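Asks: This is the structure, below, for whatever I ask next.
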Amino acid sequence: MLTLRVNGAIHKLVVDPDTPLLWVLREQLGLTGTKYSCGIAECGACTVHVDGEAVLSCVTPVGEVAGTDITTIEGFYGQVAEALRRAWIAEDVPQCGYCQPGQIMTAAKLLQEKSHPTDRAIDDAMSAVLCRCGTYPAIRRAIHRAAEKL
Amino acid sequence: MPREIKFCKGRRKFLIAGGIGGAAFLLGVYFKTGRELPKSTVELWRNIPDGFHPNAWLSIDGKGAVTVRINHSEMGQGITTALSMIIAEELEADWSKVDVQIAPADAVYKNPAFNTQMTAASTSVRTSWDILRKAGATAREMLIAAAAGTWNVPAGQCRAETGIVVHNPTQRRLAYGELTSKAAQLPIPGNVTLKKPENYRIIGHSYLRLDTIAKITGEAVFGIDVQLPSLLTAKIVRPPIIGATLDKFDARRVNSMPGVGSVLAIDSGVAVVADTFWQAKQAADMLEIKWSAKGCDDLSSEKFSQQWAELAAKEEGRSIYKKGDVQKAMSNASKTIRAVYELPFQGHATPEPMNCTAYVRDGKCDIWAPTQHQDATQEIAAKITGLPYKDVTIHTTFVGGGLGRRIAVDYVAEAVQISKAMKKPVKVIWTREDDIQNDLYRPASYNVVTAGMDQNGLPIAWAHKIVGPDHMAQALPGLIPSMIPYWAPRGARNLASSIFDTIAPRVIPGKKIIEGAGPLPYAIDNLQVNYIYADPGIPTGFWRSVAYSQNTFVVESFLDEIAAATGRDSFDLRDRLLVNTPLLRNVLRLAAEKIRWQEKPAVDLFRGIAALEFHDTLLGMIAEVSVSKHGEVRVKRFVCAVDCGVVINPKIVVAQIESGITFGLTATFKGQITINKGQVNQSNFDEFPLLSMHEMPQVEVYLVPSSRPPTGIGETAVPLVAPAVANAVFAATGKRIRKLPIDPDDLLDS
Ligand code: FES
Ligand code: FES
């Protein structure tokens, strides 16, 4: 039995502790906002927050995050979340939308560290999340816009 | 304009409680298909029985809420928003009350471009423009008539605006919701007046996409997100060598692994079915499988280009497009040049890997799939289950990238086969490795181009010989059964498919694979495109802009070679050759003006230009690059001018250009699929890398105001990227790129 705290709720789960957090979130907790795209830490679609840090859930064994505080896109709230979502709406960022939860969770971490990131800082942080649709220019604009509100 | 959208969390709970029916209701944008015969409008709207539904495309309820039916898949191109805007415009709807919904299968929802319900080839807006405007206008006229009748005044004294009918002289008002029952009694007018473009209040505005909110909260349901009670997940192990088949497998070590329910052979390989994906994957990795030796284990990428070069030298090929007399003109030319261009096989790498959920039981089959092709999805399920169409229901989820890959239904067949065997709901999930190794690749090609110039240096003869596979020859046999009318019996469908399988390689090749190679928009009097069909057996398919992405690279690069060989400016050469296509010439001029082509760029920056007529969408693109002494190319900026007719939603059009540029850059610099001994060398994003944010240049898009009917946009930017960049690299280095992706080593000074 493993205890997981996700978006503020406690879950007691029977699960192989080596299972990647991603699949536990998606299949056992029904939190499908966190996406699978590569499974090998190459694309960032599966990014969640673990104790406030951005973590790639596809390569994080669930056993390692027992007892931590996990936040997924579904439970991502607060000032930064609000600013990001408003900016994402203003720039109408998503296309297919598949990478967007990972983009937003990664952008959140960036804004927590640097409240007014330069283009360079945005590139550095956001290059961790691939977008096949090419929403990159819109994401850049949206992050600047969100930063203005913070 | 932020708006409340119906993808909410509470509903997902209902998904689990409500089972299949509930789930269907939940999938946001989805379609239901399942009838053999065209239905009446009343039947089509059985899920909203009360209210006013004048046609297959829209319904208005007593509260004035408008439901629009979309017959295309939302895969990022913004189609659910664009099509809704067209209807809402003519309907004079209150945009905040417009929602998108279900399009059940019916002849009326087929894409007229293909006679099958499919989202492809940038056809959605173009084919829907007249149909949807008329649908909206018909409803508007009927609502006005209903109000006029209520007030007993002439309809001519009334107008409709934002969901309300107003009686002009008295300013009396009735909301659409109050008029539905009366409007529903009225005859449907045959001829309706469409709005004048100067009166548009929705079309031409960058309204927020209807799917944005769901996509930033994690609530959007993609195929891979579908949840059902007792849902099992399958991971399939497929032959590592293209064309190999299953000999035998040993599941003893696997059967007892946690969560594993079943291990079974299906057409594409061995399926491991378990409670969760991870359990299925763990077990699949342990499976011992023996594959038949019969694969195409002698296939290798280097060999193809060698063979194709020999073929090109030996054979004339079939003449697919011909204008004038190339041979004669070539012999009269004062100068000729010749070049060879090579393009690789390309993968799709849709962000959401292939997946499909199927539930086959008691004479029924439900499919949840991120598909681009509803009719083919239904057809393959009907074929496998033996069920009539009416019992096969397709629920289209949000699509995490289509890119042409999801026109095929191989992944649907797998889910249906497994669910049929197990009589349980099963979701098949491909890993990224499965996805890249079992893709249906954009064809590779080997191109020989020759041009002859007159004494002024202008091309008078142009010969293009293409060697390689044709995706159509492989794809069409699979598509045919879904294009046949619903009433045709199963036997006829299967027969049509198998006949096509046999004859397709003989009759199809060349028709589509030369798109972008001929005709050309340029005034070159003698032009010939020949094709040599050479299919080594690598699975091929559609790919965002397919043949255009290959041929435009060749054409626009070679045009640049002509300019260089004759000492002409590459913009001037194109400008001169576009005399007969003034619309495209204007577009190219706009791009040149915006980048200030006549002025020198900053030090270390170099420019390349390309133009394209993609069906009737016209584009001019200029890339600005710098090249380091290590041969590293940095693309700094793109300027793209576009004429796509009337623009429905400018922000979505701009996003599609940015999107096409990103996709094109990946193919220009990064991705390619190579084969060694029948095996695909690439398997995940480490080996098939995608463009990432730090490599993304600045993009400026200029839309040419136009009153032409809207054309397509989704694919159109892709083909221009490689030639614009390659031509800029030539300007920077004097080195001509004739092979993609660009290899920095080729740019080093030797
Ligand atoms: S799915 Fe985790 S990084 Fe790609
Ligand atoms: S929006 Fe489609 S992958 Fe990013």
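Ordering of the structure tokens sets the chain letters (A, B, ...); residue numbers start at 1 within each chain; ligands are numbered from 1 in the order shown.
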Could you name the residues that touch Ala87 of chain A at 8 Å or less, counting only C-alpha atoms, but leaving out those on the same chain fewer than 6 positions away, as a ChimeraX atom specification?
Replies: /A:142-143,145-146
Asks: Would you give me, as an NGL selection string, the residues of chain A that come within 7 Å of chain B, using only C-alpha atoms?
Replies: :A and (19 or 23 or 27 or 32-33 or 37-38 or 42 or 73-74 or 85 or 89 or 92 or 94-98 or 100-101 or 123-124 or 126-127 or 130 or 132-136)
Asks: Take the residues that were just selected and, keeping N, CA, C and O atoms, output them as a short mmCIF file (atom, residue, chain, number, x, y, z; two decimals), in the first residue's frame.
Replies:
```cif
data_model
loop_
_atom_site.label_atom_id
_atom_site.label_comp_id
_atom_site.auth_asym_id
_atom_site.auth_seq_id
_atom_site.Cartn_x
_atom_site.Cartn_y
_atom_site.Cartn_z
N THR A 19 6.22 1.58 -10.83
CA THR A 19 5.37 2.14 -11.88
C THR A 19 5.60 3.65 -11.98
O THR A 19 5.62 4.34 -10.98
N TRP A 23 1.57 6.96 -15.06
CA TRP A 23 0.51 5.98 -15.32
C TRP A 23 -0.37 5.80 -14.11
O TRP A 23 -1.55 5.47 -14.24
N GLU A 27 -4.12 6.34 -14.92
CA GLU A 27 -4.98 5.16 -14.95
C GLU A 27 -5.62 4.86 -13.60
O GLU A 27 -6.74 4.39 -13.55
N THR A 32 -6.20 12.47 -16.24
CA THR A 32 -5.64 12.27 -17.57
C THR A 32 -5.10 13.55 -18.21
O THR A 32 -4.66 13.53 -19.35
N GLY A 33 -5.14 14.65 -17.46
CA GLY A 33 -4.59 15.89 -17.99
C GLY A 33 -3.09 15.80 -18.22
O GLY A 33 -2.53 16.45 -19.10
N SER A 37 3.78 11.10 -23.95
CA SER A 37 4.13 11.26 -25.35
C SER A 37 5.43 10.53 -25.72
O SER A 37 5.56 10.08 -26.84
N CYS A 38 6.40 10.45 -24.79
CA CYS A 38 7.65 9.75 -25.14
C CYS A 38 8.05 8.70 -24.11
O CYS A 38 8.63 7.69 -24.45
N GLU A 42 12.05 12.99 -22.78
CA GLU A 42 12.48 13.79 -23.93
C GLU A 42 11.52 14.91 -24.29
O GLU A 42 11.87 15.80 -25.06
N ILE A 73 -2.10 19.31 -13.58
CA ILE A 73 -2.81 20.42 -14.24
C ILE A 73 -4.23 20.57 -13.67
O ILE A 73 -4.72 21.68 -13.52
N GLU A 74 -4.84 19.46 -13.32
CA GLU A 74 -6.22 19.52 -12.81
C GLU A 74 -6.31 20.25 -11.46
O GLU A 74 -7.34 20.82 -11.13
N ARG A 85 -3.13 31.01 -17.04
CA ARG A 85 -4.32 30.61 -17.81
C ARG A 85 -4.91 31.83 -18.53
O ARG A 85 -5.32 31.74 -19.69
N ILE A 89 -5.22 32.23 -22.55
CA ILE A 89 -6.48 32.54 -23.23
C ILE A 89 -6.29 33.78 -24.11
O ILE A 89 -6.70 33.80 -25.27
N ASP A 92 -4.56 32.76 -27.00
CA ASP A 92 -5.21 31.58 -27.59
C ASP A 92 -4.14 30.57 -28.01
O ASP A 92 -4.04 30.18 -29.18
N PRO A 94 -3.30 27.13 -27.34
CA PRO A 94 -3.31 25.73 -27.75
C PRO A 94 -3.72 25.49 -29.20
O PRO A 94 -4.57 26.22 -29.72
N GLN A 95 -3.10 24.51 -29.79
CA GLN A 95 -3.61 24.01 -31.08
C GLN A 95 -4.21 22.64 -30.79
O GLN A 95 -5.32 22.57 -30.29
N CYS A 96 -3.48 21.56 -31.06
CA CYS A 96 -4.08 20.26 -30.70
C CYS A 96 -4.25 20.17 -29.19
O CYS A 96 -5.13 19.49 -28.70
N GLY A 97 -3.39 20.86 -28.46
CA GLY A 97 -3.56 20.95 -27.01
C GLY A 97 -2.86 19.87 -26.21
O GLY A 97 -2.80 19.94 -24.99
N TYR A 98 -2.32 18.89 -26.90
CA TYR A 98 -1.80 17.72 -26.20
C TYR A 98 -0.63 18.07 -25.28
O TYR A 98 -0.52 17.54 -24.19
N GLN A 100 -0.06 20.98 -23.95
CA GLN A 100 -0.30 22.20 -23.17
C GLN A 100 -0.24 22.03 -21.65
O GLN A 100 0.31 22.89 -20.97
N PRO A 101 -0.77 20.95 -21.09
CA PRO A 101 -0.61 20.81 -19.65
C PRO A 101 0.87 20.83 -19.25
O PRO A 101 1.25 21.50 -18.28
N ASP A 123 13.28 30.52 -23.47
CA ASP A 123 13.78 29.45 -24.34
C ASP A 123 14.44 28.35 -23.52
O ASP A 123 14.20 27.16 -23.75
N ASP A 124 15.29 28.75 -22.59
CA ASP A 124 16.02 27.75 -21.80
C ASP A 124 15.06 26.85 -21.03
O ASP A 124 15.19 25.63 -21.05
N MET A 126 11.68 26.50 -21.44
CA MET A 126 10.58 25.87 -22.17
C MET A 126 11.05 24.88 -23.24
O MET A 126 10.24 24.16 -23.80
N SER A 127 12.33 24.88 -23.54
CA SER A 127 12.82 23.90 -24.52
C SER A 127 12.67 22.48 -24.01
O SER A 127 12.82 21.52 -24.77
N LEU A 130 8.28 19.76 -25.75
CA LEU A 130 8.13 19.80 -27.21
C LEU A 130 6.68 20.08 -27.59
O LEU A 130 5.75 19.59 -26.94
N ARG A 132 4.69 19.72 -31.09
CA ARG A 132 4.72 19.36 -32.51
C ARG A 132 3.90 20.36 -33.33
O ARG A 132 4.16 20.57 -34.50
N CYS A 133 2.89 20.97 -32.69
CA CYS A 133 2.03 21.92 -33.40
C CYS A 133 2.70 23.28 -33.59
O CYS A 133 2.21 24.11 -34.34
N GLY A 134 3.77 23.53 -32.84
CA GLY A 134 4.44 24.82 -33.01
C GLY A 134 3.73 25.98 -32.35
O GLY A 134 3.59 27.05 -32.93
N THR A 135 3.31 25.79 -31.11
CA THR A 135 2.72 26.92 -30.39
C THR A 135 3.81 27.76 -29.73
O THR A 135 3.50 28.63 -28.91
N TYR A 136 5.06 27.51 -30.06
CA TYR A 136 6.16 28.20 -29.38
C TYR A 136 6.04 29.73 -29.38
O TYR A 136 6.20 30.37 -28.34
#
```
Asks: With the cut-off set at 12 Å and counting only C-alpha atoms and all ligand atoms, tabulate each residue of chain A with an atom at most that distance from an atom of ligand 1, showing the nearest atom pair and its distance in Å to one decimal, ordered by chain and increasing number, as a tab-separated table.
Replies:
```
residue	atom	partner	partner_atom_place_in_ligand_line	distance
A:Pro20	CA	ligand 1	2 (Fe)	9.6
A:Leu21	CA	ligand 1	2 (Fe)	10.0
A:Leu22	CA	ligand 1	2 (Fe)	7.8
A:Trp23	CA	ligand 1	1 (S)	10.3
A:Thr34	CA	ligand 1	1 (S)	8.9
A:Lys35	CA	ligand 1	1 (S)	6.5
A:Tyr36	CA	ligand 1	1 (S)	4.3
A:Ser37	CA	ligand 1	1 (S)	4.3
A:Cys38	CA	ligand 1	4 (Fe)	3.9
A:Gly39	CA	ligand 1	1 (S)	4.1
A:Ile40	CA	ligand 1	3 (S)	5.7
A:Ala41	CA	ligand 1	3 (S)	3.5
A:Glu42	CA	ligand 1	3 (S)	4.6
A:Cys43	CA	ligand 1	4 (Fe)	3.8
A:Gly44	CA	ligand 1	3 (S)	3.9
A:Ala45	CA	ligand 1	1 (S)	5.1
A:Cys46	CA	ligand 1	2 (Fe)	4.4
A:Thr47	CA	ligand 1	2 (Fe)	6.7
A:Val48	CA	ligand 1	2 (Fe)	9.8
A:Ala54	CA	ligand 1	3 (S)	11.4
A:Val55	CA	ligand 1	2 (Fe)	8.9
A:Leu56	CA	ligand 1	2 (Fe)	5.2
A:Ser57	CA	ligand 1	2 (Fe)	5.9
A:Cys58	CA	ligand 1	2 (Fe)	4.2
A:Val59	CA	ligand 1	2 (Fe)	6.5
A:Thr60	CA	ligand 1	2 (Fe)	9.0
A:Pro61	CA	ligand 1	2 (Fe)	12.0
A:Tyr98	CA	ligand 1	1 (S)	11.1
A:Cys99	CA	ligand 1	4 (Fe)	9.5
A:Pro101	CA	ligand 1	1 (S)	11.6
A:Gly102	CA	ligand 1	3 (S)	9.0
A:Gln103	CA	ligand 1	3 (S)	11.4
A:Thr106	CA	ligand 1	3 (S)	11.6
A:Ser127	CA	ligand 1	3 (S)	11.6
A:Ala128	CA	ligand 1	3 (S)	8.2
A:Val129	CA	ligand 1	3 (S)	7.7
A:Leu130	CA	ligand 1	4 (Fe)	8.4
A:Cys131	CA	ligand 1	4 (Fe)	11.0
```
Asks: Mind checking which residues fall within 12 Å of Phe500 of chain B, counting only C-alpha atoms, ignoring those fewer than 5 positions away in the same chain, and posting them as an NGL selection string?
Replies: :B and (472-481 or 493-495 or 505-508)
Asks: Please identify all polymer residues within 9 Å of Ile48 of chain B, counting only C-alpha atoms, omitting same-chain residues fewer than 4 positions from it, and present them as a list in words.
Replies: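 Once the nearby chain positions are removed, what remains is His53, Ser59 and Asp61 of chain B.
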Asks: Let me see the file: selected residues, N, CA, C and O atoms, as a JSON list (two decimals), in the first residue's frame.
Replies:
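What landed in result25.json:
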```json
[["chain", "number", "residue", "atom", "x", "y", "z"],
["B", 53, "HIS", "N", -34.71, 22.76, -35.74],
["B", 53, "HIS", "CA", -33.56, 22.29, -36.50],
["B", 53, "HIS", "C", -33.88, 22.25, -37.98],
["B", 53, "HIS", "O", -34.40, 21.27, -38.48],
["B", 59, "SER", "N", -29.05, 23.61, -34.63],
["B", 59, "SER", "CA", -30.29, 23.46, -33.88],
["B", 59, "SER", "C", -30.34, 24.56, -32.85],
["B", 59, "SER", "O", -29.31, 24.98, -32.31],
["B", 61, "ASP", "N", -32.43, 25.76, -29.32],
["B", 61, "ASP", "CA", -33.42, 25.33, -28.33],
["B", 61, "ASP", "C", -34.21, 26.52, -27.79],
["B", 61, "ASP", "O", -33.98, 27.68, -28.18]]
```
Asks: Which residue is closest to ligand 2? Choose from A:Asn7, A:Ile104, A:Gly30, A:Leu84 and count only C-alpha atoms and all ligand atoms.
Replies: A:Ile104
Asks: I'd like the neighbourhood of Leu29 of chain A as a list in words, where a residue qualifies if any of its atoms comes within 10 Å (using only C-alpha atoms), though same-chain residues fewer than 4 positions away should be ignored.
Replies: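 Answer for this query is Val6, His11, Leu13, Trp23, Val24 and Leu25 of chain A.
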